[in-house]
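Participant: Handing you a structure now.
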Amino acid sequence: MQTAIGSGHMPLDEVLLVIAIGAYTIGALALIVYFFSREEWLAHLGIPLALAGCAAQFAQLAARFEITHVWPLLNLYGSLSLFSAVSVGIFIYFAFRYRLWFAGGFVLALAALFLAYGSTWNEGVMPPVPSLQSYWAKIHVPLVVSSYAAFMVAFVMAALFLVKYYFERGLEGNRFSVSRMMAVAGAENVRSTYDYQIAQMAMPDAGISSPAVVTKMDTPNIAQAAAQGNAAAAWMNAMPSLAQMDVLIYRIVAVGLPLLTLGIITGAMWAHESWGAYWQWDPKETAALFSWIVYAIYMHLHTRAQWRGVRSAWISLVGFLSIMFCYFGVNLWISGLHSYKV
Amino acid sequence: MTAALRSFYDDFTRTFGNVLFAVCLLLAWGLMTLAGVIVDQGKDPAEYFSMYAPPLARLILRLGIDNIYHAPYYVGMIGLILLSLAVCTFKRVIPARLPALRPVAVERIPLNATIRVRGDEADVRSRVERFFTKRGWLVRKREFGGTEWTFADKYNWARRGVLVAHIGFTIIAAGTTVYWASGFSGETPVVVGQTIDVPHRRATLRLNDFKFKIQPIMTKSGMVYQPIDYVSYVTVTGADGIPHERTIRVNHPIDIGGSLFYQSSYGFALRFLVSHTGTRDAALSDKVYEVGESITLPGSGRQIQIDQFVPTVDRQTGTPSSDPRINNPAVALEAVQNGETAGAALVPIGTWIDVGDGWRITPVKYVMVSGLQYRYDPGVPLVGIGAFVLLAGLVISFYFLPARLYVRLRHAELSPGFTDVELAATTVKGYDIFETQFNELVAELQRTFNPPDEGPERLKFAEVT
Ligand code: HEM
């Protein structure tokens with residue numbers, strides 16, 4: 001018997017994929033322009049597009065499974081598809097919960113890129129090799145890919161954190177030292193130097209109109225430049241405070257790390273069933289272990305107040321690079337038991 | 001001496017109990033792990049010289065980076081991490097206590113708010129208590145110098161999450177040590193028809209048959225031969241002498257007396273008819289040869305090496321095809337004389353070749369070889385438990401934030417009939433992490449105690465502010 005991929009009109013899953021890429025691309029553009037212009041209607045355009053793209057992606061994976069009867073996550077095409085869908089999904093949750101839409105354009109742009117790249121690995125319908133024919137594939141792969149997705153969202157937040165942080169430093173000249181300020185941020189006892197008062201001033205009568213508003217102001221130079229009409233400073237000023245962005249990165253990493261841990265554990269359980277040892281020191285396993293160690297370092301340093309902020313943001317950036325290496329580097333360049341490309 | 005020992009002990013516990021020191025150890029562990037990802041593991045030394053510049057290849061071999069995960073310094077680093085973890089756990093994590101219930105300067109705590117509420121102090125206090133209790137806060141009251149304080153704690157128990165995570169990691173380490181101490185594993189190729197003794201067990205395993213299935217698939221970038229299934233049909237006979245028919249598939253190992261047997265790979269072995277001047281050489285012809293083995297021809301100083309089994313030879317070109325299914329098989333043979341290649345040929349099964357000095361070789365048939373892997377690992381349950389304990393620790397540490405609220409009530413001097421609820425929050429992870437929740441809590445308090453539809457009251461409140 002010889003199986004051939006269908007020809008003629010485009011299969012439903014590929015149609016949905018194109019819809020998702022389109023929704024993400026337009027949504028990314030809308031939200032990036034929103035980021036700079038603060039035109040509300042652009043956010044109202046971008047948010048539904050993010051939701052629509054994400055829904056189209058899950059529908060695409062379901063359609064592919066329905067059409068092919070092969071679990072769709074076992075190659076780079078399927079796993080990248082899940083990766084971008086989950087990263088958008090996680091982002092949507094955090095965006096609604098913590099009003100992060102300003103960062104949405106960057107997340108959607110990355111999701112569209114990864115999805116488009118993943119579609120270049122679509123080789124048609126392939127039944128899985130024996131080692132992949134296991135119910136563990138349905139558990140392990142989504143967990144690992146979801147952890148990568150969470151780390152991607154954390155990466156976007158960390159990158160924005162660093163942009164804002166270094167912009168503030170660039171503005172400070174000799175007037176005010178943001179690094180000193182972030183250092184002070186660590187020393188809990190001198191926290192009261194911060195402008196937390198805004199929250200309380202807003203509170204007694206007016207109530208709190210928006211519980212998620214960020215009330216701490218730790219970039220005085222940006223605020224000042226924004227007041228003087230500096231456009232770049234104005235959009236950075238509209239982002240949450242550095243301290244809150246640091247917390248957001250922490251919260252997102254706190255989604256990713258348990259997922260990665262569970263992903264490694266389920267991978268080990270699968271390996272125990274398939275390869276005869278739960279841990280083989282295979283490059284994929286060890287690369288995931290490396291990423292896990294980087295994020296464990298992040299978590300430990302984040303318990304120290306003086307390591308929160310810019311240093312933590314850098315570590316989470318390195319963490320995501322290591323995830324990318326684990327995801328692509330090992331699949332594409334290093335041969336081992338885990339080199340599943342197509 | 002004891003003073004010196006004491007000071008050494010103090011230095012040791014201070015260093016090993018320091019989180020930054022632990023982070024350095026984790027970093028070193030991470031970098032070594034990464035080195036093992038980048039440098040291929042377990043290759044022949046010559047391969048490193050072909051992959052890297054000679055000084056680098058020498059460095060890799062000298063430092064044991066070619067087998068880094070079993071290098072003493074790698075294992076030692078994990079040992080140091082465990083030591084540091086233990087010291088830290090006993091010195092810092094376990095003794096850590098929440099601060100005593102004491103009054104605080106509410107306005108000096110960054111997360112603070114004041115809400116003005118209609119009602120006298122006693123009434124408001126009981127409403128505040130009800131409010132927090134309903135939301136899962138543990139409420140306690142204390143009086144200090146005539147002022148009554150309310151303390152509300154949440155997820156106090158979750159401070160132990162760190163301890164749980166660390167214990168989980170330690171259990172995993174213990175599980176892997178159990179394997180080193182008393183486990184074993186290995187790989188054994190079994191030829192169809194062959195019976196082997198199961199290592200370390202009073203049992204035998206006979207391979208009755210081996211089947212594999214490969215499906216050709218036309219992909220966008222060409223034909224791919226996708227393996228679909230490998231199965232070994234075996235008979236296992238234990239100490240009781242009763243034979244049991246079993247099948248071993250990928251992802252479906254079998255258990256023989258606690259050792260697991262896995263389908264890991266497959267290969268081919270060959271039977272040859274070896275004759276000299278027309279006479280069958282029984283010794284050489286009765287053997288089954290695996291790929292890689294050689295047939296030594298007596299008296300000729302010549303060896304015939306079996307280089308490769310070719311499942312399908314292209315009938316048109318006569319060259320090996322990439323189709324791994326068996327359809328016109330052949331064997332690639334190489335004649336070696338005094339260590340030098342003297343000739344090579346692709347010999348179809350069933351045909352013969354003259355190899356000189358009157359010797360003739362006929363590959364008669366191929367036989368399947370099943371690559372079985374076995375493993376006895378008594379540490380698996382411990383590793384499994386440790387992994388889930390570690391995971392539970394992560395979830396507890398990340399999702400349950402121990403927090404304390406300090407609540408003081410004060411009669412609102414300028415607003416008769418009103419009480420000010422002063423509120424401050426602290427957590428074990430600083431203030432920023434609790435800011436959103438604190439704002440939400442305060443907003444909810446505000447909504448509950450001063451509902452927006454109570455128009456006149458709000459007006460009055462606004463006037464006095
Ligand atoms: C070198 C050995 C280690 C030492 C000395 C160490 C020490 C510590 C300490 C002291 C804390 C608490 C910090 C604080 O709250 O003030 C902590 C937190 C934590 N540790 Fe470790 N640790 C080690 C290794 C590990 C490992 C291998 C893991 C495995 C994941 C781990 C998981 C955690 C977690 C989850 C937290 C809580 C972090 C948070 O709540 O944000 N630790 N560690």
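Letters A, B, ... go to the chains of the structure tokens in the order shown; residues in each chain start at 1; ligands are counted from 1 in the same order.
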Just the helix (DSSP H, G or I) stuff from range 256-458 of chain B, please, per backbone DSSP, written as a PyMOL selection string.

Facilitator: chain B and resi 282-285+380-399+432-449+455-458

Participant: Could the residues in this selection be saved with N, CA and C atoms as a short mmCIF file (atom, residue, chain, number, x, y, z; two decimals), in the first residue's frame?

Facilitator:
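Saved file result.cif follows:
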```cif
data_model
loop_
_atom_site.label_atom_id
_atom_site.label_comp_id
_atom_site.auth_asym_id
_atom_site.auth_seq_id
_atom_site.Cartn_x
_atom_site.Cartn_y
_atom_site.Cartn_z
N ALA B 282 31.53 -27.45 6.85
CA ALA B 282 30.42 -27.53 7.81
C ALA B 282 30.55 -26.48 8.91
N ALA B 283 31.78 -26.33 9.45
CA ALA B 283 31.95 -25.40 10.57
C ALA B 283 31.55 -23.99 10.19
N LEU B 284 31.96 -23.57 9.00
CA LEU B 284 31.67 -22.18 8.59
C LEU B 284 30.23 -22.04 8.11
N SER B 285 29.66 -23.11 7.59
CA SER B 285 28.32 -23.01 7.00
C SER B 285 27.22 -23.14 8.02
N VAL B 380 12.89 3.24 40.27
CA VAL B 380 11.84 3.93 39.51
C VAL B 380 10.71 4.48 40.41
N PRO B 381 10.17 3.67 41.34
CA PRO B 381 9.08 4.23 42.14
C PRO B 381 9.51 5.48 42.91
N LEU B 382 10.74 5.43 43.44
CA LEU B 382 11.23 6.60 44.21
C LEU B 382 11.33 7.83 43.30
N VAL B 383 11.90 7.63 42.11
CA VAL B 383 12.05 8.75 41.18
C VAL B 383 10.66 9.32 40.84
N GLY B 384 9.72 8.41 40.62
CA GLY B 384 8.36 8.85 40.29
C GLY B 384 7.75 9.65 41.42
N ILE B 385 7.89 9.12 42.63
CA ILE B 385 7.31 9.84 43.78
C ILE B 385 7.99 11.21 43.90
N GLY B 386 9.33 11.19 43.81
CA GLY B 386 10.09 12.44 43.95
C GLY B 386 9.66 13.47 42.93
N ALA B 387 9.43 13.00 41.69
CA ALA B 387 9.05 13.94 40.64
C ALA B 387 7.73 14.62 40.98
N PHE B 388 6.79 13.85 41.47
CA PHE B 388 5.50 14.46 41.78
C PHE B 388 5.55 15.31 43.05
N VAL B 389 6.40 14.91 43.99
CA VAL B 389 6.57 15.76 45.18
C VAL B 389 7.19 17.10 44.75
N LEU B 390 8.20 17.01 43.87
CA LEU B 390 8.83 18.24 43.36
C LEU B 390 7.80 19.13 42.66
N LEU B 391 6.99 18.51 41.86
CA LEU B 391 5.97 19.27 41.13
C LEU B 391 5.00 19.92 42.11
N ALA B 392 4.59 19.14 43.12
CA ALA B 392 3.66 19.70 44.11
C ALA B 392 4.32 20.90 44.79
N GLY B 393 5.62 20.77 45.10
CA GLY B 393 6.34 21.89 45.74
C GLY B 393 6.34 23.12 44.86
N LEU B 394 6.55 22.92 43.57
CA LEU B 394 6.56 24.07 42.65
C LEU B 394 5.19 24.74 42.65
N VAL B 395 4.16 23.92 42.55
CA VAL B 395 2.80 24.49 42.47
C VAL B 395 2.48 25.24 43.77
N ILE B 396 2.81 24.63 44.90
CA ILE B 396 2.53 25.30 46.18
C ILE B 396 3.31 26.62 46.25
N SER B 397 4.59 26.56 45.89
CA SER B 397 5.42 27.77 46.01
C SER B 397 4.94 28.88 45.09
N PHE B 398 4.49 28.51 43.90
CA PHE B 398 4.18 29.55 42.92
C PHE B 398 2.75 30.05 43.01
N TYR B 399 1.83 29.20 43.45
CA TYR B 399 0.42 29.59 43.35
C TYR B 399 -0.25 29.91 44.68
N ASP B 432 5.34 43.87 45.64
CA ASP B 432 4.89 44.04 44.26
C ASP B 432 4.00 42.88 43.82
N ILE B 433 4.37 41.70 44.27
CA ILE B 433 3.66 40.51 43.80
C ILE B 433 2.21 40.49 44.28
N PHE B 434 1.93 41.24 45.33
CA PHE B 434 0.59 41.20 45.90
C PHE B 434 -0.22 42.45 45.54
N GLU B 435 0.39 43.32 44.77
CA GLU B 435 -0.24 44.62 44.55
C GLU B 435 -1.61 44.49 43.88
N THR B 436 -1.67 43.71 42.82
CA THR B 436 -2.95 43.58 42.12
C THR B 436 -4.01 42.99 43.04
N GLN B 437 -3.66 41.90 43.72
CA GLN B 437 -4.65 41.29 44.60
C GLN B 437 -5.06 42.23 45.72
N PHE B 438 -4.08 42.99 46.22
CA PHE B 438 -4.39 43.91 47.30
C PHE B 438 -5.39 44.97 46.81
N ASN B 439 -5.12 45.50 45.65
CA ASN B 439 -6.04 46.50 45.10
C ASN B 439 -7.43 45.90 44.89
N GLU B 440 -7.45 44.65 44.43
CA GLU B 440 -8.75 44.02 44.21
C GLU B 440 -9.48 43.79 45.53
N LEU B 441 -8.70 43.39 46.53
CA LEU B 441 -9.29 43.15 47.85
C LEU B 441 -9.88 44.44 48.40
N VAL B 442 -9.10 45.50 48.27
CA VAL B 442 -9.56 46.79 48.80
C VAL B 442 -10.80 47.25 48.04
N ALA B 443 -10.79 47.04 46.74
CA ALA B 443 -11.95 47.44 45.94
C ALA B 443 -13.17 46.65 46.37
N GLU B 444 -12.96 45.37 46.67
CA GLU B 444 -14.09 44.54 47.07
C GLU B 444 -14.62 44.96 48.44
N LEU B 445 -13.67 45.26 49.32
CA LEU B 445 -14.05 45.77 50.65
C LEU B 445 -14.91 47.03 50.47
N GLN B 446 -14.40 47.88 49.61
CA GLN B 446 -15.08 49.15 49.34
C GLN B 446 -16.50 48.89 48.83
N ARG B 447 -16.60 47.96 47.89
CA ARG B 447 -17.92 47.69 47.30
C ARG B 447 -18.85 47.06 48.33
N THR B 448 -18.29 46.18 49.17
CA THR B 448 -19.13 45.49 50.15
C THR B 448 -19.59 46.45 51.25
N PHE B 449 -18.67 47.29 51.67
CA PHE B 449 -18.99 48.14 52.83
C PHE B 449 -19.64 49.45 52.42
N GLY B 455 -26.48 55.96 47.50
CA GLY B 455 -26.15 57.30 47.05
C GLY B 455 -25.95 58.33 48.15
N PRO B 456 -26.88 58.51 48.99
CA PRO B 456 -26.77 59.60 49.96
C PRO B 456 -25.54 59.45 50.86
N GLU B 457 -25.28 58.19 51.26
CA GLU B 457 -24.13 57.99 52.14
C GLU B 457 -22.82 58.36 51.47
N ARG B 458 -22.71 57.97 50.24
CA ARG B 458 -21.49 58.29 49.50
C ARG B 458 -21.33 59.79 49.39
#
```

Participant: Set the cut-off to 6 Å and count only C-alpha atoms: what are the residues of chain B that reach chain A? Output as an MDAnalysis selection string.

Facilitator: chainID B and resid 23 30 37 110 113 216:220 227:229 250:251 262 398 433 436 439:440 443 462

Participant: Can you spit out the residues from that selection as an mmCIF file, in the first residue's frame, using N, CA, C and O atoms?

Facilitator:
```
data_model
loop_
_atom_site.group_PDB
_atom_site.id
_atom_site.type_symbol
_atom_site.label_atom_id
_atom_site.label_comp_id
_atom_site.auth_asym_id
_atom_site.auth_seq_id
_atom_site.Cartn_x
_atom_site.Cartn_y
_atom_site.Cartn_z
ATOM 1 N N VAL B 23 22.818 28.999 43.727
ATOM 2 C CA VAL B 23 22.600 29.390 42.333
ATOM 3 C C VAL B 23 23.879 29.172 41.519
ATOM 4 O O VAL B 23 23.824 28.712 40.377
ATOM 5 N N GLY B 30 24.238 23.517 35.152
ATOM 6 C CA GLY B 30 23.605 23.855 33.880
ATOM 7 C C GLY B 30 24.626 23.920 32.755
ATOM 8 O O GLY B 30 24.409 23.366 31.673
ATOM 9 N N VAL B 37 25.232 18.642 25.724
ATOM 10 C CA VAL B 37 24.283 18.723 24.600
ATOM 11 C C VAL B 37 25.053 19.051 23.325
ATOM 12 O O VAL B 37 24.794 18.489 22.257
ATOM 13 N N PRO B 110 4.182 49.626 52.190
ATOM 14 C CA PRO B 110 3.784 50.113 50.856
ATOM 15 C C PRO B 110 2.368 49.733 50.450
ATOM 16 O O PRO B 110 1.681 50.513 49.825
ATOM 17 N N ALA B 113 -4.080 50.829 52.697
ATOM 18 C CA ALA B 113 -5.249 51.571 52.227
ATOM 19 C C ALA B 113 -6.134 51.865 53.427
ATOM 20 O O ALA B 113 -6.047 51.189 54.463
ATOM 21 N N PRO B 216 5.660 2.963 2.813
ATOM 22 C CA PRO B 216 6.185 4.045 1.968
ATOM 23 C C PRO B 216 5.152 5.162 1.879
ATOM 24 O O PRO B 216 3.965 4.895 1.695
ATOM 25 N N ILE B 217 5.602 6.367 2.046
ATOM 26 C CA ILE B 217 4.676 7.502 2.013
ATOM 27 C C ILE B 217 5.249 8.572 1.102
ATOM 28 O O ILE B 217 6.423 8.963 1.239
ATOM 29 N N MET B 218 4.419 9.042 0.178
ATOM 30 C CA MET B 218 4.876 10.114 -0.695
ATOM 31 C C MET B 218 4.634 11.441 0.028
ATOM 32 O O MET B 218 3.504 11.832 0.262
ATOM 33 N N THR B 219 5.685 12.114 0.435
ATOM 34 C CA THR B 219 5.536 13.408 1.085
ATOM 35 C C THR B 219 5.828 14.498 0.063
ATOM 36 O O THR B 219 6.208 14.210 -1.064
ATOM 37 N N LYS B 220 5.672 15.746 0.518
ATOM 38 C CA LYS B 220 5.896 16.846 -0.419
ATOM 39 C C LYS B 220 7.343 16.864 -0.898
ATOM 40 O O LYS B 220 7.644 17.354 -1.969
ATOM 41 N N PRO B 227 8.810 3.647 9.399
ATOM 42 C CA PRO B 227 8.604 2.420 10.181
ATOM 43 C C PRO B 227 7.285 2.543 10.947
ATOM 44 O O PRO B 227 6.983 3.597 11.506
ATOM 45 N N ILE B 228 6.508 1.482 10.960
ATOM 46 C CA ILE B 228 5.200 1.515 11.607
ATOM 47 C C ILE B 228 5.158 0.586 12.816
ATOM 48 O O ILE B 228 4.548 0.892 13.824
ATOM 49 N N ASP B 229 5.827 -0.550 12.724
ATOM 50 C CA ASP B 229 5.705 -1.503 13.832
ATOM 51 C C ASP B 229 6.912 -2.435 13.852
ATOM 52 O O ASP B 229 7.414 -2.830 12.797
ATOM 53 N N VAL B 250 7.427 -1.974 20.565
ATOM 54 C CA VAL B 250 7.881 -0.656 21.045
ATOM 55 C C VAL B 250 6.749 -0.076 21.900
ATOM 56 O O VAL B 250 5.576 -0.197 21.529
ATOM 57 N N ASN B 251 7.088 0.491 23.022
ATOM 58 C CA ASN B 251 6.127 1.056 23.973
ATOM 59 C C ASN B 251 5.361 0.003 24.768
ATOM 60 O O ASN B 251 4.515 0.345 25.581
ATOM 61 N N TYR B 262 12.531 -4.563 26.450
ATOM 62 C CA TYR B 262 11.997 -3.594 25.508
ATOM 63 C C TYR B 262 12.406 -3.934 24.098
ATOM 64 O O TYR B 262 13.528 -4.394 23.863
ATOM 65 N N PHE B 398 4.486 28.511 43.899
ATOM 66 C CA PHE B 398 4.179 29.553 42.923
ATOM 67 C C PHE B 398 2.745 30.052 43.006
ATOM 68 O O PHE B 398 2.458 31.172 42.611
ATOM 69 N N ILE B 433 4.367 41.698 44.266
ATOM 70 C CA ILE B 433 3.657 40.510 43.798
ATOM 71 C C ILE B 433 2.214 40.486 44.278
ATOM 72 O O ILE B 433 1.362 39.818 43.701
ATOM 73 N N THR B 436 -1.671 43.709 42.822
ATOM 74 C CA THR B 436 -2.951 43.579 42.117
ATOM 75 C C THR B 436 -4.009 42.994 43.037
ATOM 76 O O THR B 436 -5.117 43.519 43.138
ATOM 77 N N ASN B 439 -5.124 45.501 45.646
ATOM 78 C CA ASN B 439 -6.045 46.499 45.098
ATOM 79 C C ASN B 439 -7.432 45.904 44.893
ATOM 80 O O ASN B 439 -8.443 46.546 45.168
ATOM 81 N N GLU B 440 -7.447 44.652 44.431
ATOM 82 C CA GLU B 440 -8.752 44.015 44.214
ATOM 83 C C GLU B 440 -9.479 43.794 45.534
ATOM 84 O O GLU B 440 -10.692 44.003 45.625
ATOM 85 N N ALA B 443 -10.785 47.040 46.743
ATOM 86 C CA ALA B 443 -11.947 47.443 45.943
ATOM 87 C C ALA B 443 -13.175 46.646 46.365
ATOM 88 O O ALA B 443 -14.280 47.177 46.449
ATOM 89 N N ALA B 462 -18.290 61.870 50.642
ATOM 90 C CA ALA B 462 -17.508 62.715 49.758
ATOM 91 C C ALA B 462 -17.381 64.126 50.324
ATOM 92 O O ALA B 462 -16.327 64.752 50.233
#
```

Participant: Can you pull out the residues contacting Ser322 in chain B? Cut-off 9 Å, using only C-alpha atoms, and skip same-chain residues under 5 positions away; I want them as a short mmCIF file (atom, residue, chain, number, x, y, z; two decimals) with N, CA and C atoms, in the first residue's frame.

Facilitator:
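To be explicit, this is the file written out as result.cif:
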```cif
data_model
loop_
_atom_site.label_atom_id
_atom_site.label_comp_id
_atom_site.auth_asym_id
_atom_site.auth_seq_id
_atom_site.Cartn_x
_atom_site.Cartn_y
_atom_site.Cartn_z
N TYR B 225 10.18 6.22 3.79
CA TYR B 225 9.78 4.89 4.26
C TYR B 225 9.63 4.97 5.77
N PRO B 311 18.37 -4.71 2.00
CA PRO B 311 17.06 -5.36 1.86
C PRO B 311 16.58 -5.38 0.41
N THR B 312 16.84 -4.29 -0.31
CA THR B 312 16.35 -4.25 -1.68
C THR B 312 17.43 -3.73 -2.62
N VAL B 313 17.73 -4.55 -3.62
CA VAL B 313 18.65 -4.09 -4.67
C VAL B 313 17.79 -3.69 -5.87
#
```

Participant: Quick one: everything within 9 Å of Ala30 in chain A, counting only C-alpha atoms, minus sequence neighbours fewer than 6 positions away in the same chain. Send it as a CSV table (one decimal) with C-alpha atoms, in the first residue's frame.

Facilitator:
```
chain,number,residue,atom,x,y,z
A,41,TRP,CA,-10.3,51.2,18.1
A,42,LEU,CA,-7.0,49.4,17.1
A,43,ALA,CA,-7.1,47.4,20.3
A,44,HIS,CA,-10.8,46.6,19.6
A,45,LEU,CA,-9.7,45.3,16.3
A,46,GLY,CA,-6.6,43.4,17.5
A,47,ILE,CA,-8.2,41.6,20.5
A,105,GLY,CA,1.3,42.9,19.0
```

Participant: Report the distance between CA of Ile19 in chain A and CA of Ala150 in chain A in Å, rounded to one decimal place.

Facilitator: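 About the pair CA of Ile19 in chain A and CA of Ala150 in chain A: they are 23.0 Å apart.
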
Participant: Can you list every residue in range 378-451 of chain B that DSSP puts in strand (DSSP E or B), as a count of residues only?

Facilitator: 19
